[in-house]
Amino acid sequence: MTDSDPQAAGIPRILHQIWYQGEAQMPDKFRRFSEGWRVNHPDWSFHLWNETAMRDFMVENYPAFLPVYDGYPFNIQRIDAVRYFILNTLGGVYVDADIESLKPIDTVVEGCSLMLSRTLGYNNAIIGSRPGHALWPVIFEGLSANHKRPPRRFLDFLIDADALFVATSTGPRLFTASVQKSAAETDPDTRICPYWYFEPGTPAEIDGKVAVDPDTSRSYGIHHMSQTWVSPLRRAIDAAAKPLMALALRFTAPR
């Protein structure tokens with residue numbers, strides 16, 4: 001399937017979510033969020049993927065990637081990676097389980113082949129895609145090139161090296177770099193949603209400056225984890241640590 005294939009146009013009305021341990025193990029809060037997506041999208045089909053279903057999908061559709069998939073040291077890397085393969089094969093909208101649906105997104109996905117959420121980069125917490133979009137081969141190339149953990153470097157103790165490895169191997173950093181490399185962000189068939197569509201209150205880059213808009217009245221969803229778990233004390237600590245983190249990243253970046 002290619003971008004010029006007329007059968008490839010449009011994002012299918014399919015919602016995908018992942019709870020690695022299975023629906024029976026979902027906390028009540030996230031179960032309510034998931035049900036909210038179904039209620040607000042009654043004409044969409046819904047898939048809740050668990051560990052077994054994810055691996056079965058990879059075995060059936062991407063067996064060549066299994067050594068990398070099985071070799072990830074963290075489950076979150078499998079959760080990150082499989083969403084890209086699912087969207088490439090089935091299309092639809094992937095939504096993290098901690099995003100609450102406030103209203104239907106039907107109009108958001110109309111008339112585009114890729115839907116992205118923009119914050120400080122491109123967020124992989126909510127992605128819409130038609131099957132076979134040109135972004136996914138670029139993502140897969142990045143997954144293959146970045147799956148090995150880099151050696152620990154001087155000043156790694158100043159950063160969360162595991163979190164940085166996840167972000168650059170499967171998570172938002174890899175996703176953002178791949179979007180930019182693929183030129184998907186300049187494609188007229190790509191809809192780039194401003195941060196307040198799905199994550200009001202999340203820091204975002206606007207006209208070269210980092211800003212926060214807490215307004216939820218315009219939002220289609222609220223990414224609760226990005227707003228509720230960060231305490232004022234944690235924000236103060238993070239702000240104080242930024243110069244040290246910048247120094248650590250400068251000295252630990254691959255050369």
# chains A, B, ... in the order shown; residues from 1 in each chain; ligands from 1

$ residues_around --residues "Tyr122 of chain A" --least-positions-apart "3" --cutoff "12 Å" --atoms "only C-alpha atoms" --output "PDB file with C-alpha atoms, in the first residue's frame"
ATOM      1  CA  MET A 115      -3.184  12.966  12.931  1.00  0.00           C
ATOM      2  CA  LEU A 116      -0.474  14.154  15.302  1.00  0.00           C
ATOM      3  CA  SER A 117      -0.540  15.842  18.693  1.00  0.00           C
ATOM      4  CA  ARG A 118       2.043  18.591  19.110  1.00  0.00           C
ATOM      5  CA  THR A 119       3.462  19.554  22.514  1.00  0.00           C
ATOM      6  CA  ALA A 125       0.246   9.168  23.370  1.00  0.00           C
ATOM      7  CA  ILE A 126      -2.389   9.805  20.706  1.00  0.00           C
ATOM      8  CA  ILE A 127      -1.824   9.138  17.008  1.00  0.00           C
ATOM      9  CA  ALA A 167      12.368   7.993  24.883  1.00  0.00           C
ATOM     10  CA  GLY A 171       9.193   6.817  22.759  1.00  0.00           C
ATOM     11  CA  PRO A 172       8.485  10.475  22.038  1.00  0.00           C
ATOM     12  CA  ARG A 173      12.032  11.445  21.067  1.00  0.00           C
ATOM     13  CA  LEU A 174      12.227   8.703  18.456  1.00  0.00           C
ATOM     14  CA  PHE A 175       8.691   9.498  17.294  1.00  0.00           C
ATOM     15  CA  THR A 176       9.394  13.218  16.951  1.00  0.00           C
ATOM     16  CA  ALA A 177      12.673  12.628  15.095  1.00  0.00           C
ATOM     17  CA  SER A 178      10.941  10.201  12.726  1.00  0.00           C
ATOM     18  CA  VAL A 179       8.080  12.599  11.995  1.00  0.00           C
ATOM     19  CA  GLN A 180      10.591  15.282  11.132  1.00  0.00           C
ATOM     20  CA  ALA A 184       5.149  14.075   7.539  1.00  0.00           C
ATOM     21  CA  GLU A 185       4.763  17.374   9.404  1.00  0.00           C
ATOM     22  CA  ARG A 191      -3.346  17.193  10.699  1.00  0.00           C
ATOM     23  CA  ILE A 192      -1.188  18.572  13.496  1.00  0.00           C
ATOM     24  CA  CYS A 193      -3.339  19.188  16.549  1.00  0.00           C
ATOM     25  CA  PRO A 194      -2.198  21.872  18.980  1.00  0.00           C
ATOM     26  CA  TYR A 195      -1.388  20.639  22.461  1.00  0.00           C
ATOM     27  CA  GLU A 199      -3.326  17.769  26.688  1.00  0.00           C
ATOM     28  CA  ALA A 204       4.267  23.260  24.593  1.00  0.00           C
ATOM     29  CA  GLU A 205       6.425  25.297  22.255  1.00  0.00           C
TER      30      GLU A 205
END

$ atom_distance --atom1 "atom CA of Leu135 of chain A" --atom2 "atom CA of Ile76 of chain A"
21.0 Å

$ select_by_dssp --residues "segment 109-197 of chain A" --states "strand (DSSP E)" --output "ChimeraX atom specification"
/A:114-118,122-129,190-193

$ closest_residue --among "A:Asn88, A:Asp56, A:Ser45, A:Ser219" --to "Leu114 of chain A" --atoms "only C-alpha atoms"
A:Asn88

$ residues_around --residues "segment 64-74 of chain A" --least-positions-apart "5" --cutoff "8 Å" --atoms "only C-alpha atoms" --output "compact mmCIF listing (two decimals) with all heavy atoms, in the first residue's frame"
# COMPACT_ATOMS: atom_id res chain seq x y z
N MET A 58 2.56 -9.36 16.56
CA MET A 58 3.90 -9.23 16.00
C MET A 58 4.36 -10.53 15.34
O MET A 58 4.99 -10.51 14.29
CB MET A 58 4.88 -8.82 17.11
CG MET A 58 4.62 -7.44 17.70
SD MET A 58 4.72 -6.10 16.48
CE MET A 58 6.46 -6.16 16.04
N VAL A 59 4.03 -11.66 15.95
CA VAL A 59 4.39 -12.96 15.38
C VAL A 59 3.76 -13.12 14.00
O VAL A 59 4.40 -13.57 13.04
CB VAL A 59 3.97 -14.11 16.30
CG1 VAL A 59 4.07 -15.45 15.59
CG2 VAL A 59 4.82 -14.12 17.57
N ALA A 81 6.46 0.47 20.84
CA ALA A 81 6.74 -0.01 19.49
C ALA A 81 5.52 -0.62 18.82
O ALA A 81 5.26 -0.37 17.64
CB ALA A 81 7.89 -1.03 19.53
N SER A 144 14.86 -0.04 14.70
CA SER A 144 15.95 -0.98 14.48
C SER A 144 17.31 -0.37 14.77
O SER A 144 18.22 -1.04 15.28
CB SER A 144 15.92 -1.49 13.03
OG SER A 144 14.73 -2.22 12.78
N HIS A 147 17.74 0.37 19.11
CA HIS A 147 17.22 -0.53 20.14
C HIS A 147 18.27 -0.95 21.16
O HIS A 147 17.93 -1.43 22.24
CB HIS A 147 16.61 -1.79 19.51
CG HIS A 147 17.61 -2.74 18.94
ND1 HIS A 147 18.17 -2.57 17.69
CD2 HIS A 147 18.15 -3.88 19.43
CE1 HIS A 147 18.99 -3.56 17.44
NE2 HIS A 147 19.01 -4.36 18.48

$ residues_around --residues "segment 18-21 of chain A" --least-positions-apart "2" --cutoff "9 Å" --atoms "only C-alpha atoms" --output "ChimeraX atom specification"
/A:16,23-26,47-52,54,75-76,79,83,94-97

$ select_by_dssp --residues "segment 25-171 of chain A" --states "alpha helix (DSSP H)" --output "MDAnalysis selection string"
chainID A and resid 28:40 51:61 66:71 75:90 106:109 135:145 161:169

$ closest_residue --among "A:Phe165, A:Tyr84, A:Phe33, A:Phe46" --to "Pro131 of chain A" --atoms "only C-alpha atoms"
A:Tyr84

$ atom_distance --atom1 "atom CA of Arg13 of chain A" --atom2 "atom CA of Gly92 of chain A"
5.7 Å

$ residues_around --residues "Ile11 of chain A" --least-positions-apart "4" --cutoff "7 Å" --atoms "only C-alpha atoms" --output "list in words"
Gly91, Gly92, Val109, Cys112, Ser113, Gly128, Ser129 and Arg130 of chain A

$ decode --residues "segment 24-171 of chain A" --atoms "C-alpha atoms" --output "mmCIF file, in the first residue's frame"
data_model
loop_
_atom_site.group_PDB
_atom_site.id
_atom_site.type_symbol
_atom_site.label_atom_id
_atom_site.label_comp_id
_atom_site.auth_asym_id
_atom_site.auth_seq_id
_atom_site.Cartn_x
_atom_site.Cartn_y
_atom_site.Cartn_z
ATOM 1 C CA ALA A 24 -9.220 -7.324 34.077
ATOM 2 C CA GLN A 25 -6.168 -5.656 35.640
ATOM 3 C CA MET A 26 -7.053 -2.092 34.611
ATOM 4 C CA PRO A 27 -7.542 0.289 37.553
ATOM 5 C CA ASP A 28 -11.082 1.618 37.806
ATOM 6 C CA LYS A 29 -9.995 5.130 36.817
ATOM 7 C CA PHE A 30 -8.502 4.002 33.524
ATOM 8 C CA ARG A 31 -11.386 1.613 32.906
ATOM 9 C CA ARG A 32 -13.745 4.605 33.115
ATOM 10 C CA PHE A 33 -11.555 6.580 30.734
ATOM 11 C CA SER A 34 -11.562 3.687 28.259
ATOM 12 C CA GLU A 35 -15.323 3.337 28.481
ATOM 13 C CA GLY A 36 -15.635 7.079 27.835
ATOM 14 C CA TRP A 37 -13.862 6.683 24.501
ATOM 15 C CA ARG A 38 -16.279 3.935 23.524
ATOM 16 C CA VAL A 39 -19.339 5.917 24.601
ATOM 17 C CA ASN A 40 -18.223 8.995 22.655
ATOM 18 C CA HIS A 41 -17.447 6.947 19.547
ATOM 19 C CA PRO A 42 -20.303 4.440 19.187
ATOM 20 C CA ASP A 43 -19.693 3.942 15.453
ATOM 21 C CA TRP A 44 -16.016 3.081 15.906
ATOM 22 C CA SER A 45 -14.630 -0.381 16.521
ATOM 23 C CA PHE A 46 -12.479 -0.787 19.616
ATOM 24 C CA HIS A 47 -9.414 -2.909 20.387
ATOM 25 C CA LEU A 48 -7.848 -3.199 23.836
ATOM 26 C CA TRP A 49 -4.490 -4.904 23.402
ATOM 27 C CA ASN A 50 -2.739 -6.886 26.122
ATOM 28 C CA GLU A 51 0.666 -8.573 26.336
ATOM 29 C CA THR A 52 -0.472 -11.773 24.626
ATOM 30 C CA ALA A 53 -2.433 -10.058 21.848
ATOM 31 C CA MET A 54 0.464 -7.695 21.176
ATOM 32 C CA ARG A 55 3.009 -10.460 20.749
ATOM 33 C CA ASP A 56 0.624 -12.615 18.710
ATOM 34 C CA PHE A 57 0.145 -9.644 16.399
ATOM 35 C CA MET A 58 3.902 -9.232 16.005
ATOM 36 C CA VAL A 59 4.394 -12.956 15.375
ATOM 37 C CA GLU A 60 1.765 -12.916 12.635
ATOM 38 C CA ASN A 61 2.649 -9.641 10.961
ATOM 39 C CA TYR A 62 6.258 -8.692 11.790
ATOM 40 C CA PRO A 63 8.194 -11.841 12.723
ATOM 41 C CA ALA A 64 11.472 -10.324 11.518
ATOM 42 C CA PHE A 65 11.237 -7.687 14.261
ATOM 43 C CA LEU A 66 10.648 -10.206 17.066
ATOM 44 C CA PRO A 67 14.308 -10.413 18.192
ATOM 45 C CA VAL A 68 14.250 -6.660 18.858
ATOM 46 C CA TYR A 69 10.737 -6.712 20.317
ATOM 47 C CA ASP A 70 11.469 -9.594 22.689
ATOM 48 C CA GLY A 71 14.865 -8.157 23.551
ATOM 49 C CA TYR A 72 13.614 -4.840 24.910
ATOM 50 C CA PRO A 73 14.530 -4.602 28.617
ATOM 51 C CA PHE A 74 11.370 -2.600 29.454
ATOM 52 C CA ASN A 75 7.732 -3.439 28.764
ATOM 53 C CA ILE A 76 7.047 0.204 27.945
ATOM 54 C CA GLN A 77 9.307 -0.187 24.912
ATOM 55 C CA ARG A 78 7.120 -3.006 23.611
ATOM 56 C CA ILE A 79 4.043 -0.895 24.344
ATOM 57 C CA ASP A 80 5.570 2.039 22.444
ATOM 58 C CA ALA A 81 6.744 -0.006 19.486
ATOM 59 C CA VAL A 82 3.668 -2.155 18.931
ATOM 60 C CA ARG A 83 1.385 0.866 18.515
ATOM 61 C CA TYR A 84 3.366 1.879 15.428
ATOM 62 C CA PHE A 85 3.098 -1.577 13.879
ATOM 63 C CA ILE A 86 -0.631 -1.761 14.689
ATOM 64 C CA LEU A 87 -1.330 1.586 13.043
ATOM 65 C CA ASN A 88 0.729 0.660 10.001
ATOM 66 C CA THR A 89 -1.258 -2.563 9.528
ATOM 67 C CA LEU A 90 -4.768 -1.688 10.713
ATOM 68 C CA GLY A 91 -4.862 2.085 10.859
ATOM 69 C CA GLY A 92 -7.090 3.967 13.254
ATOM 70 C CA VAL A 93 -6.406 6.066 16.339
ATOM 71 C CA TYR A 94 -4.159 4.940 19.165
ATOM 72 C CA VAL A 95 -4.900 6.547 22.556
ATOM 73 C CA ASP A 96 -3.020 6.071 25.829
ATOM 74 C CA ALA A 97 -5.177 4.668 28.604
ATOM 75 C CA ASP A 98 -4.688 7.740 30.820
ATOM 76 C CA ILE A 99 -6.328 10.121 28.331
ATOM 77 C CA GLU A 100 -9.961 10.874 29.108
ATOM 78 C CA SER A 101 -12.344 11.498 26.186
ATOM 79 C CA LEU A 102 -14.311 14.711 26.637
ATOM 80 C CA LYS A 103 -16.051 14.696 23.243
ATOM 81 C CA PRO A 104 -15.940 12.803 19.931
ATOM 82 C CA ILE A 105 -12.926 13.263 17.678
ATOM 83 C CA ASP A 106 -14.720 12.350 14.419
ATOM 84 C CA THR A 107 -14.244 15.811 12.946
ATOM 85 C CA VAL A 108 -10.578 15.859 14.014
ATOM 86 C CA VAL A 109 -9.673 12.832 11.882
ATOM 87 C CA GLU A 110 -11.803 13.730 8.866
ATOM 88 C CA GLY A 111 -9.943 14.622 5.685
ATOM 89 C CA CYS A 112 -6.464 13.577 6.788
ATOM 90 C CA SER A 113 -4.298 10.489 6.582
ATOM 91 C CA LEU A 114 -2.214 11.223 9.693
ATOM 92 C CA MET A 115 -3.184 12.966 12.931
ATOM 93 C CA LEU A 116 -0.474 14.154 15.302
ATOM 94 C CA SER A 117 -0.540 15.842 18.693
ATOM 95 C CA ARG A 118 2.043 18.591 19.110
ATOM 96 C CA THR A 119 3.462 19.554 22.514
ATOM 97 C CA LEU A 120 7.212 20.168 22.959
ATOM 98 C CA GLY A 121 7.591 17.584 20.217
ATOM 99 C CA TYR A 122 5.174 15.106 18.696
ATOM 100 C CA ASN A 123 3.468 13.038 21.346
ATOM 101 C CA ASN A 124 3.045 9.320 20.766
ATOM 102 C CA ALA A 125 0.246 9.168 23.370
ATOM 103 C CA ILE A 126 -2.389 9.805 20.706
ATOM 104 C CA ILE A 127 -1.824 9.138 17.008
ATOM 105 C CA GLY A 128 -4.209 8.679 14.108
ATOM 106 C CA SER A 129 -3.140 7.047 10.853
ATOM 107 C CA ARG A 130 -4.391 5.325 7.775
ATOM 108 C CA PRO A 131 -2.851 1.904 7.128
ATOM 109 C CA GLY A 132 0.433 1.945 5.267
ATOM 110 C CA HIS A 133 1.307 5.576 5.871
ATOM 111 C CA ALA A 134 4.787 6.605 4.716
ATOM 112 C CA LEU A 135 5.738 7.599 8.285
ATOM 113 C CA TRP A 136 5.849 4.033 9.558
ATOM 114 C CA PRO A 137 8.823 2.698 7.540
ATOM 115 C CA VAL A 138 10.832 5.632 8.891
ATOM 116 C CA ILE A 139 9.711 4.755 12.423
ATOM 117 C CA PHE A 140 10.658 1.105 11.891
ATOM 118 C CA GLU A 141 14.088 2.129 10.648
ATOM 119 C CA GLY A 142 14.532 4.192 13.803
ATOM 120 C CA LEU A 143 13.394 1.339 16.045
ATOM 121 C CA SER A 144 15.951 -0.985 14.476
ATOM 122 C CA ALA A 145 18.754 1.568 14.652
ATOM 123 C CA ASN A 146 18.207 2.618 18.273
ATOM 124 C CA HIS A 147 17.224 -0.529 20.143
ATOM 125 C CA LYS A 148 20.588 -1.159 21.789
ATOM 126 C CA ARG A 149 21.187 0.545 25.110
ATOM 127 C CA PRO A 150 24.135 2.966 24.825
ATOM 128 C CA PRO A 151 27.008 2.569 27.286
ATOM 129 C CA ARG A 152 26.685 4.594 30.455
ATOM 130 C CA ARG A 153 28.526 7.871 30.276
ATOM 131 C CA PHE A 154 29.961 10.404 32.660
ATOM 132 C CA LEU A 155 27.262 12.415 34.499
ATOM 133 C CA ASP A 156 24.548 9.844 33.720
ATOM 134 C CA PHE A 157 23.685 9.992 37.411
ATOM 135 C CA LEU A 158 22.247 13.480 36.838
ATOM 136 C CA ILE A 159 19.583 12.201 34.451
ATOM 137 C CA ASP A 160 17.225 9.259 34.337
ATOM 138 C CA ALA A 161 19.265 7.257 31.847
ATOM 139 C CA ASP A 162 16.627 4.525 31.559
ATOM 140 C CA ALA A 163 13.885 7.048 30.754
ATOM 141 C CA LEU A 164 16.125 8.741 28.188
ATOM 142 C CA PHE A 165 16.889 5.360 26.591
ATOM 143 C CA VAL A 166 13.169 4.564 26.330
ATOM 144 C CA ALA A 167 12.368 7.993 24.883
ATOM 145 C CA THR A 168 15.058 7.740 22.213
ATOM 146 C CA SER A 169 14.635 4.061 21.366
ATOM 147 C CA THR A 170 10.820 3.801 21.129
ATOM 148 C CA GLY A 171 9.193 6.817 22.759
#
